[in-house]
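J.: Before I ask anything, let me first share the structure, which is written out below as structure tokens.
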Amino acid sequence: MSHLPALVDGFLTTLALVALSFTGAFALGLVVVVLRIGPLGVLRAVGTGYVETFQNIPLLVWLVLFVFGLPEVGVRFPLFTTAVVVISLYEAAYVAEALRSGVNTVAQGQGEAARALGLTFGQTLRHVVVPQAARRVVQPLGNIGIALTMNTSLAAVAGVVELTASANRVNLVEALPIPIFVGAGLCYALLAAGIGGLAGLLERRLAT
Amino acid sequence: MSNVLFDVPGPKARLRHQILAVVGVIGVAGIVGFIGYRFYDSGQFAPKMWEWLQYTTIQEQLAERILATLKAFALGAVMAMLFGAILAAGKLSEHAIWRGPATVIVEVFRAIPLLIMIFFFYFGLPAIDIKMSQFTAVVVGLTLYNGSVLAEVFRAGIMSLPRGQTEAAYALGMRKTQVMVLVLLPQALRVMLPTIVSQLVVLLKDTALGFIINYKELLDYAKYLGGQGQFGRPLVPVTLVVAAIYVTMCLLLTWLAVTLEKRNRRDKKLTPIDTKALDDVAIPAASQSM
């Protein structure tokens with residue numbers, strides 16, 4: 001029980017990681033998806049390359065490369081920043097794919113009609129496609145948020161003392177692995193449930 | 001879809017696009033070039049850093065580690081599919097006794113990080129005298145997590161089929177198991193395949209978590225070799241090579257699945273409706289209606 005503050009600290013760090021990484025992943029994912037559905041073949045290829053690269057290499061490999069590799073080439077960031085950047089880069093690929101499939105669910109006629117009215121690519125996206133795609137994208141994005149929450153536990157490897165790392169440390173002192181890890185697991189489950197609930201709420205709000 | 005979002009560009013737009021493309025390419029090339037320059041500048045491309053690639057012992061060890069990764073993946077994938085199928089059957093069951101526990105298991109294991117599960121199996125279970133090797137801990141973790149995710153995929157795939165399929169099958173006098181195995185699963189499998197494949201790619205990538213509890217797999221080897229002083233501590237080169245190996249494995253997996261699926265579909269198209277098979281079906285159906 002005396003270790004509760006340490007665990008609470010860890011939990012708060014996890015929350016911060018989730019919030020910052022998700023924001024970063026969403027912003028970057030938006031950029032990538034615009035590249036991928038845009039009219040420029042070269043940039044489409046860049047977007048596809050980005051998604052394939054980040055989806056096919058384990059997050060842990062990225063973390064090892066950034067956390068242990070960057071200092072070797074003389075780039076030093078605080079561990080927390082590195083973790084946020086890596087998780088954002090990694091999840092952005094998934095966000096981009098979710099957004100793209102959301103855009104693809106909007107009926108072709110919508111895009112054609114907007115074009116017939118003389119709207120540009122940007123206007124078509126902003127006024128016609130995005131408002132319709134937004135609702136269908138909420139649930140997949142929520143799932144990505146949950147996956148991202150799970151993935152922040154890997155930041156423990158990078159040396160960020162978040163929930164998993166602090167649970168591990170407390171376990172080293174207390175040697176009560178079962179309650180500690182079950183407790184930590186439940187915290188994550190609660191977080192995931194929270195994100196799921198939030199996504200549901202947002203979806204209903206956008207449905208009107 | 002993407003081609004209906006914009007018009008065929010005119011001369012002005014084409015010029016603008018070309019400028020944008022050039023700017024984009026320069027930007028990307030700039031980022032890649034800068035990273036490459038930093039690597040070069042800090043001596044990551046020095047021949048000494050890549051010498052390790054020439055040693056046969058290291059090549060053999062690397063191959064061993066790839067096998068270890070693939071072993072965890074293969075066992076994990078098979079078990080996760082089985083576990084997922086059982087859970088999905090439970091969730092689709094009409095008996096609450098099966099539905100309840102299956103739902104709880106799926107929700108719980110989907111919402112707990114794989115890392116915590118692996119820690120729990122590897123560090124936690126010995127406290128109650130259940131000892132797992134690193135390999136078992138990784139495989140059990142992969143099975144529980146991915147099995148739960150796959151259960152949801154399977155269920156969604158089956159639910160996505162029109163209800164008429166089930167009703168028609170029942171009307172033909174099929175039983176529950178027959179409806180599922182003969183009618184629903186073959187159709188659902190085709191719908192679900194892309195999702196299953198991407199989940200398998202996730203599973204393959206997640207084997208890297210074994211590194212944390214020192215399961216001797218690919219990433220673990222990268223970390224080990226990257227720290228060897230006699231090769232100049234080539235962490236960045238080794239990790240880059242390992243990353244390339246992961247990409248190759250994942251792309252091969254995706255390619256394999258797509259090819260299998262295409263061949264499967266082509267066979268179906270090439271085979272016209274087999275009237276003899278229809279006769280075989282028609283006879284028992286008729287006899288049953290008597």
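Following the order of the structure tokens, chains are lettered A, B, ..., residues in each are numbered from 1, and ligands are numbered from 1.
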Output as a PyMOL selection string the set of chain B residues within 8 Å of chain A, with distances taken over only C-alpha atoms.
T.: chain B and resi 1-7+17+21+24-25+38-39+41-42+44+108+111-117+119-120+123-125+127+201+205-206+208-209+212+219+235-236+239-240+243-244+246-247+250-251
J.: Can I get the selection written as a short mmCIF file (atom, residue, chain, number, x, y, z; two decimals), in the first residue's frame, with N, CA and C atoms?
T.:
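Saved result, selection-v8.cif, follows:
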data_model
loop_
_atom_site.label_atom_id
_atom_site.label_comp_id
_atom_site.auth_asym_id
_atom_site.auth_seq_id
_atom_site.Cartn_x
_atom_site.Cartn_y
_atom_site.Cartn_z
N MET B 1 -11.87 5.03 -55.69
CA MET B 1 -12.57 6.10 -54.99
C MET B 1 -11.80 7.39 -55.12
N SER B 2 -10.49 7.29 -54.91
CA SER B 2 -9.72 8.52 -54.82
C SER B 2 -9.78 9.32 -56.10
N ASN B 3 -10.04 8.64 -57.24
CA ASN B 3 -10.01 9.38 -58.49
C ASN B 3 -11.26 10.19 -58.76
N VAL B 4 -12.33 10.01 -57.94
CA VAL B 4 -13.50 10.85 -58.17
C VAL B 4 -13.45 12.12 -57.33
N LEU B 5 -12.46 12.23 -56.45
CA LEU B 5 -12.41 13.39 -55.57
C LEU B 5 -11.87 14.63 -56.27
N PHE B 6 -11.29 14.44 -57.45
CA PHE B 6 -10.74 15.62 -58.11
C PHE B 6 -10.88 15.43 -59.62
N ASP B 7 -10.90 16.54 -60.34
CA ASP B 7 -11.05 16.49 -61.79
C ASP B 7 -9.75 16.09 -62.46
N HIS B 17 0.55 20.86 -59.63
CA HIS B 17 0.81 19.52 -59.10
C HIS B 17 2.28 19.16 -59.22
N ALA B 21 4.63 18.26 -56.29
CA ALA B 21 5.30 16.95 -56.27
C ALA B 21 6.80 17.15 -56.04
N GLY B 24 7.34 18.18 -52.52
CA GLY B 24 7.14 17.03 -51.65
C GLY B 24 8.32 16.08 -51.70
N VAL B 25 8.75 15.78 -52.93
CA VAL B 25 9.87 14.85 -53.06
C VAL B 25 11.12 15.42 -52.42
N ARG B 38 23.18 12.06 -40.81
CA ARG B 38 23.52 11.90 -39.39
C ARG B 38 24.13 10.52 -39.14
N PHE B 39 23.56 9.51 -39.78
CA PHE B 39 24.12 8.15 -39.63
C PHE B 39 25.55 8.12 -40.15
N ASP B 41 27.55 10.64 -40.61
CA ASP B 41 28.40 11.54 -39.85
C ASP B 41 28.88 10.88 -38.56
N SER B 42 27.98 10.07 -37.95
CA SER B 42 28.36 9.44 -36.70
C SER B 42 28.99 8.07 -36.95
N GLN B 44 27.93 5.44 -38.74
CA GLN B 44 27.12 4.21 -38.77
C GLN B 44 27.33 3.43 -40.07
N VAL B 108 -12.03 -8.87 -21.48
CA VAL B 108 -10.91 -8.72 -20.56
C VAL B 108 -9.59 -8.82 -21.30
N ALA B 111 -8.46 -5.96 -23.46
CA ALA B 111 -8.23 -4.66 -22.84
C ALA B 111 -7.00 -4.64 -21.95
N ILE B 112 -6.26 -5.76 -21.88
CA ILE B 112 -5.05 -5.78 -21.06
C ILE B 112 -3.85 -5.87 -21.99
N PRO B 113 -2.86 -4.98 -21.78
CA PRO B 113 -1.71 -5.01 -22.68
C PRO B 113 -1.03 -6.38 -22.66
N LEU B 114 -0.60 -6.79 -23.82
CA LEU B 114 0.09 -8.06 -23.96
C LEU B 114 1.31 -8.13 -23.04
N LEU B 115 1.96 -6.98 -22.89
CA LEU B 115 3.17 -6.94 -22.06
C LEU B 115 2.84 -7.32 -20.62
N ILE B 116 1.73 -6.76 -20.10
CA ILE B 116 1.31 -7.07 -18.73
C ILE B 116 1.02 -8.56 -18.62
N MET B 117 0.34 -9.12 -19.64
CA MET B 117 0.02 -10.55 -19.60
C MET B 117 1.30 -11.37 -19.55
N PHE B 119 4.27 -10.44 -18.55
CA PHE B 119 4.85 -10.26 -17.21
C PHE B 119 4.15 -11.16 -16.21
N PHE B 120 2.82 -11.17 -16.29
CA PHE B 120 2.02 -11.95 -15.35
C PHE B 120 2.38 -13.43 -15.46
N PHE B 123 6.47 -13.68 -14.55
CA PHE B 123 6.91 -13.32 -13.20
C PHE B 123 5.87 -13.68 -12.14
N GLY B 124 4.58 -13.64 -12.54
CA GLY B 124 3.50 -13.80 -11.57
C GLY B 124 3.19 -15.25 -11.26
N LEU B 125 3.05 -16.06 -12.28
CA LEU B 125 2.59 -17.43 -12.05
C LEU B 125 3.57 -18.29 -11.25
N ALA B 127 4.77 -17.64 -8.59
CA ALA B 127 4.37 -17.47 -7.20
C ALA B 127 3.36 -18.53 -6.78
N VAL B 201 -0.43 -10.24 -38.93
CA VAL B 201 0.77 -9.40 -39.01
C VAL B 201 1.05 -8.79 -37.65
N LYS B 205 4.38 -9.26 -35.36
CA LYS B 205 5.16 -8.17 -34.80
C LYS B 205 5.24 -8.27 -33.28
N ASP B 206 4.15 -8.76 -32.67
CA ASP B 206 4.12 -8.82 -31.21
C ASP B 206 5.07 -9.87 -30.65
N ALA B 208 7.95 -9.80 -30.95
CA ALA B 208 9.11 -9.01 -30.51
C ALA B 208 9.05 -8.72 -29.02
N LEU B 209 7.85 -8.83 -28.42
CA LEU B 209 7.74 -8.58 -26.98
C LEU B 209 8.51 -9.61 -26.18
N ILE B 212 11.55 -8.68 -24.10
CA ILE B 212 11.53 -8.09 -22.76
C ILE B 212 11.77 -9.14 -21.68
N LEU B 219 14.73 -9.61 -32.10
CA LEU B 219 15.07 -8.31 -31.54
C LEU B 219 16.06 -8.45 -30.39
N LEU B 235 24.76 -1.05 -32.99
CA LEU B 235 23.34 -1.16 -32.68
C LEU B 235 22.46 -0.70 -33.83
N VAL B 236 22.79 0.49 -34.39
CA VAL B 236 21.94 1.03 -35.46
C VAL B 236 21.94 0.13 -36.70
N THR B 239 19.98 -3.08 -35.92
CA THR B 239 18.53 -2.86 -35.81
C THR B 239 17.91 -2.59 -37.17
N LEU B 240 18.65 -1.86 -38.02
CA LEU B 240 18.13 -1.61 -39.37
C LEU B 240 17.95 -2.92 -40.13
N ALA B 243 15.01 -4.74 -38.69
CA ALA B 243 13.77 -4.11 -39.14
C ALA B 243 13.44 -4.56 -40.56
N ALA B 244 14.48 -4.62 -41.41
CA ALA B 244 14.25 -5.06 -42.79
C ALA B 244 13.75 -6.50 -42.82
N TYR B 246 12.00 -7.98 -40.46
CA TYR B 246 10.59 -7.96 -40.03
C TYR B 246 9.68 -7.54 -41.18
N VAL B 247 10.08 -6.47 -41.89
CA VAL B 247 9.26 -6.01 -43.02
C VAL B 247 9.09 -7.14 -44.03
N CYS B 250 6.67 -9.78 -42.73
CA CYS B 250 5.27 -9.33 -42.70
C CYS B 250 4.72 -9.24 -44.12
N LEU B 251 5.52 -8.68 -45.05
CA LEU B 251 5.04 -8.54 -46.42
C LEU B 251 4.83 -9.91 -47.06
#
J.: Which polymer residues have any atom within 10 Å of an atom of A:Leu30, counting only C-alpha atoms, with same-chain residues fewer than 5 positions away left out, as a list of chain:residue names?
T.: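 Contacts, with the query itself left out: A:Gly24, A:Ala25, A:Leu35, A:Arg36, A:Ala92, A:Ala93, A:Val95, A:Ala96, A:Glu97, A:Leu99, A:Arg100.
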J.: Can you spit out the residues from that selection as a PDB file, in the first residue's frame, using N, CA and C atoms?
T.:
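What follows is the written file selection_10.pdb:
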ATOM      1  N   GLY A  24      -0.734  13.375 -31.404  1.00  0.00           N
ATOM      2  CA  GLY A  24       0.307  13.364 -32.427  1.00  0.00           C
ATOM      3  C   GLY A  24      -0.036  12.426 -33.573  1.00  0.00           C
ATOM      4  N   ALA A  25      -0.504  11.222 -33.208  1.00  0.00           N
ATOM      5  CA  ALA A  25      -0.822  10.227 -34.229  1.00  0.00           C
ATOM      6  C   ALA A  25      -1.955  10.720 -35.115  1.00  0.00           C
ATOM      7  N   LEU A  35      -2.195  12.781 -48.206  1.00  0.00           N
ATOM      8  CA  LEU A  35      -1.234  12.368 -49.229  1.00  0.00           C
ATOM      9  C   LEU A  35      -1.760  11.162 -49.998  1.00  0.00           C
ATOM     10  N   ARG A  36      -2.339  10.207 -49.244  1.00  0.00           N
ATOM     11  CA  ARG A  36      -2.710   8.929 -49.864  1.00  0.00           C
ATOM     12  C   ARG A  36      -3.933   9.027 -50.770  1.00  0.00           C
ATOM     13  N   ALA A  92       0.241   6.636 -36.238  1.00  0.00           N
ATOM     14  CA  ALA A  92      -0.241   7.483 -37.329  1.00  0.00           C
ATOM     15  C   ALA A  92      -0.544   6.640 -38.564  1.00  0.00           C
ATOM     16  N   ALA A  93       0.262   5.581 -38.775  1.00  0.00           N
ATOM     17  CA  ALA A  93       0.020   4.708 -39.930  1.00  0.00           C
ATOM     18  C   ALA A  93      -1.358   4.062 -39.805  1.00  0.00           C
ATOM     19  N   VAL A  95      -3.901   5.213 -37.934  1.00  0.00           N
ATOM     20  CA  VAL A  95      -4.912   6.263 -38.037  1.00  0.00           C
ATOM     21  C   VAL A  95      -5.179   6.569 -39.507  1.00  0.00           C
ATOM     22  N   ALA A  96      -4.091   6.684 -40.293  1.00  0.00           N
ATOM     23  CA  ALA A  96      -4.243   7.013 -41.709  1.00  0.00           C
ATOM     24  C   ALA A  96      -5.092   5.956 -42.410  1.00  0.00           C
ATOM     25  N   GLU A  97      -4.843   4.678 -42.102  1.00  0.00           N
ATOM     26  CA  GLU A  97      -5.608   3.610 -42.740  1.00  0.00           C
ATOM     27  C   GLU A  97      -7.075   3.677 -42.335  1.00  0.00           C
ATOM     28  N   LEU A  99      -8.734   6.341 -41.383  1.00  0.00           N
ATOM     29  CA  LEU A  99      -9.350   7.499 -42.027  1.00  0.00           C
ATOM     30  C   LEU A  99      -9.614   7.212 -43.498  1.00  0.00           C
ATOM     31  N   ARG A 100      -8.655   6.535 -44.132  1.00  0.00           N
ATOM     32  CA  ARG A 100      -8.812   6.262 -45.551  1.00  0.00           C
ATOM     33  C   ARG A 100     -10.013   5.352 -45.800  1.00  0.00           C
TER      34      ARG A 100
END
J.: Do you have the atom CA of A:Val160-atom CA of B:Gly226 distance handy?
T.: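 That distance, rounded to one decimal, is 21.3 Å.
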J.: Distance atom CA of A:Gly196-atom CA of B:Tyr145, one decimal place?
T.: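 Separation of atom CA of A:Gly196 and atom CA of B:Tyr145: 17.4 Å.
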J.: What's the separation between atom CA of B:Val138 and atom CA of B:Leu256, in Å to one decimal place?
T.: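 Rounded to one decimal, the two atoms are 24.4 Å apart.
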J.: Could you list, as a short mmCIF file (atom, residue, chain, number, x, y, z; two decimals) with N, CA and C atoms, in the first residue's frame, every residue within 10 Å of stretch 67-70 of chain B, counting only C-alpha atoms and ignoring same-chain residues fewer than 3 positions away?
T.:
data_model
loop_
_atom_site.label_atom_id
_atom_site.label_comp_id
_atom_site.auth_asym_id
_atom_site.auth_seq_id
_atom_site.Cartn_x
_atom_site.Cartn_y
_atom_site.Cartn_z
N GLN B 61 23.49 -17.68 -36.38
CA GLN B 61 22.72 -17.29 -35.19
C GLN B 61 21.52 -16.45 -35.56
N LEU B 62 21.73 -15.56 -36.53
CA LEU B 62 20.63 -14.72 -36.99
C LEU B 62 19.50 -15.59 -37.55
N ALA B 63 19.87 -16.59 -38.35
CA ALA B 63 18.88 -17.50 -38.92
C ALA B 63 18.15 -18.24 -37.81
N GLU B 64 18.90 -18.64 -36.78
CA GLU B 64 18.29 -19.33 -35.64
C GLU B 64 17.23 -18.46 -34.98
N PHE B 73 5.56 -17.28 -33.65
CA PHE B 73 4.46 -16.78 -34.48
C PHE B 73 3.55 -17.93 -34.92
N ALA B 74 4.16 -19.03 -35.42
CA ALA B 74 3.35 -20.11 -35.97
C ALA B 74 2.47 -20.72 -34.90
N LEU B 75 3.08 -21.05 -33.76
CA LEU B 75 2.29 -21.66 -32.69
C LEU B 75 1.24 -20.68 -32.19
N GLY B 76 1.67 -19.41 -31.99
CA GLY B 76 0.74 -18.40 -31.51
C GLY B 76 -0.42 -18.21 -32.47
N PHE B 135 9.34 -18.96 -23.85
CA PHE B 135 8.60 -19.28 -25.07
C PHE B 135 7.12 -19.49 -24.76
N LEU B 204 2.61 -11.40 -35.55
CA LEU B 204 4.02 -11.60 -35.91
C LEU B 204 4.89 -10.50 -35.30
N LYS B 205 4.38 -9.26 -35.36
CA LYS B 205 5.16 -8.17 -34.80
C LYS B 205 5.24 -8.27 -33.28
N ASP B 206 4.15 -8.76 -32.67
CA ASP B 206 4.12 -8.82 -31.21
C ASP B 206 5.07 -9.87 -30.65
N THR B 207 5.54 -10.80 -31.49
CA THR B 207 6.51 -11.76 -30.97
C THR B 207 7.75 -11.02 -30.46
N ALA B 208 7.95 -9.80 -30.95
CA ALA B 208 9.11 -9.01 -30.51
C ALA B 208 9.05 -8.72 -29.02
N GLY B 210 8.78 -10.78 -26.79
CA GLY B 210 9.55 -11.80 -26.10
C GLY B 210 10.90 -11.26 -25.66
N TYR B 215 13.25 -13.86 -24.20
CA TYR B 215 13.06 -14.97 -25.12
C TYR B 215 14.02 -14.73 -26.28
N LYS B 216 14.78 -15.75 -26.64
CA LYS B 216 15.87 -15.54 -27.59
C LYS B 216 15.32 -15.42 -29.01
N GLU B 217 14.77 -14.26 -29.34
CA GLU B 217 14.27 -14.07 -30.69
C GLU B 217 15.06 -12.97 -31.39
N LEU B 218 14.50 -12.49 -32.49
CA LEU B 218 15.25 -11.62 -33.39
C LEU B 218 15.69 -10.30 -32.74
N LEU B 219 14.73 -9.61 -32.10
CA LEU B 219 15.07 -8.31 -31.54
C LEU B 219 16.06 -8.45 -30.39
N TYR B 246 12.00 -7.98 -40.46
CA TYR B 246 10.59 -7.96 -40.03
C TYR B 246 9.68 -7.54 -41.18
N MET B 249 9.28 -10.37 -43.58
CA MET B 249 8.42 -11.44 -43.08
C MET B 249 6.95 -11.02 -43.15
#
J.: Would you kindly return, as number ranges by chain, each protein, DNA or RNA residue with an atom no farther than 8 Å from any atom of B:Tyr122, considering only C-alpha atoms and excluding same-chain residues fewer than 6 positions away?
T.: B: 131-134, 137, 213
J.: May I have the residues from that selection written out with C-alpha atoms, as a PDB file, in the first residue's frame?
T.:
ATOM      1  CA  LYS B 131       6.545 -22.081 -14.113  1.00  0.00           C
ATOM      2  CA  MET B 132       6.521 -21.149 -17.767  1.00  0.00           C
ATOM      3  CA  SER B 133       9.464 -20.936 -20.106  1.00  0.00           C
ATOM      4  CA  GLN B 134       9.891 -17.610 -21.931  1.00  0.00           C
ATOM      5  CA  ALA B 137       4.768 -17.216 -21.717  1.00  0.00           C
ATOM      6  CA  ILE B 213      11.591 -11.398 -20.909  1.00  0.00           C
TER       7      ILE B 213
END
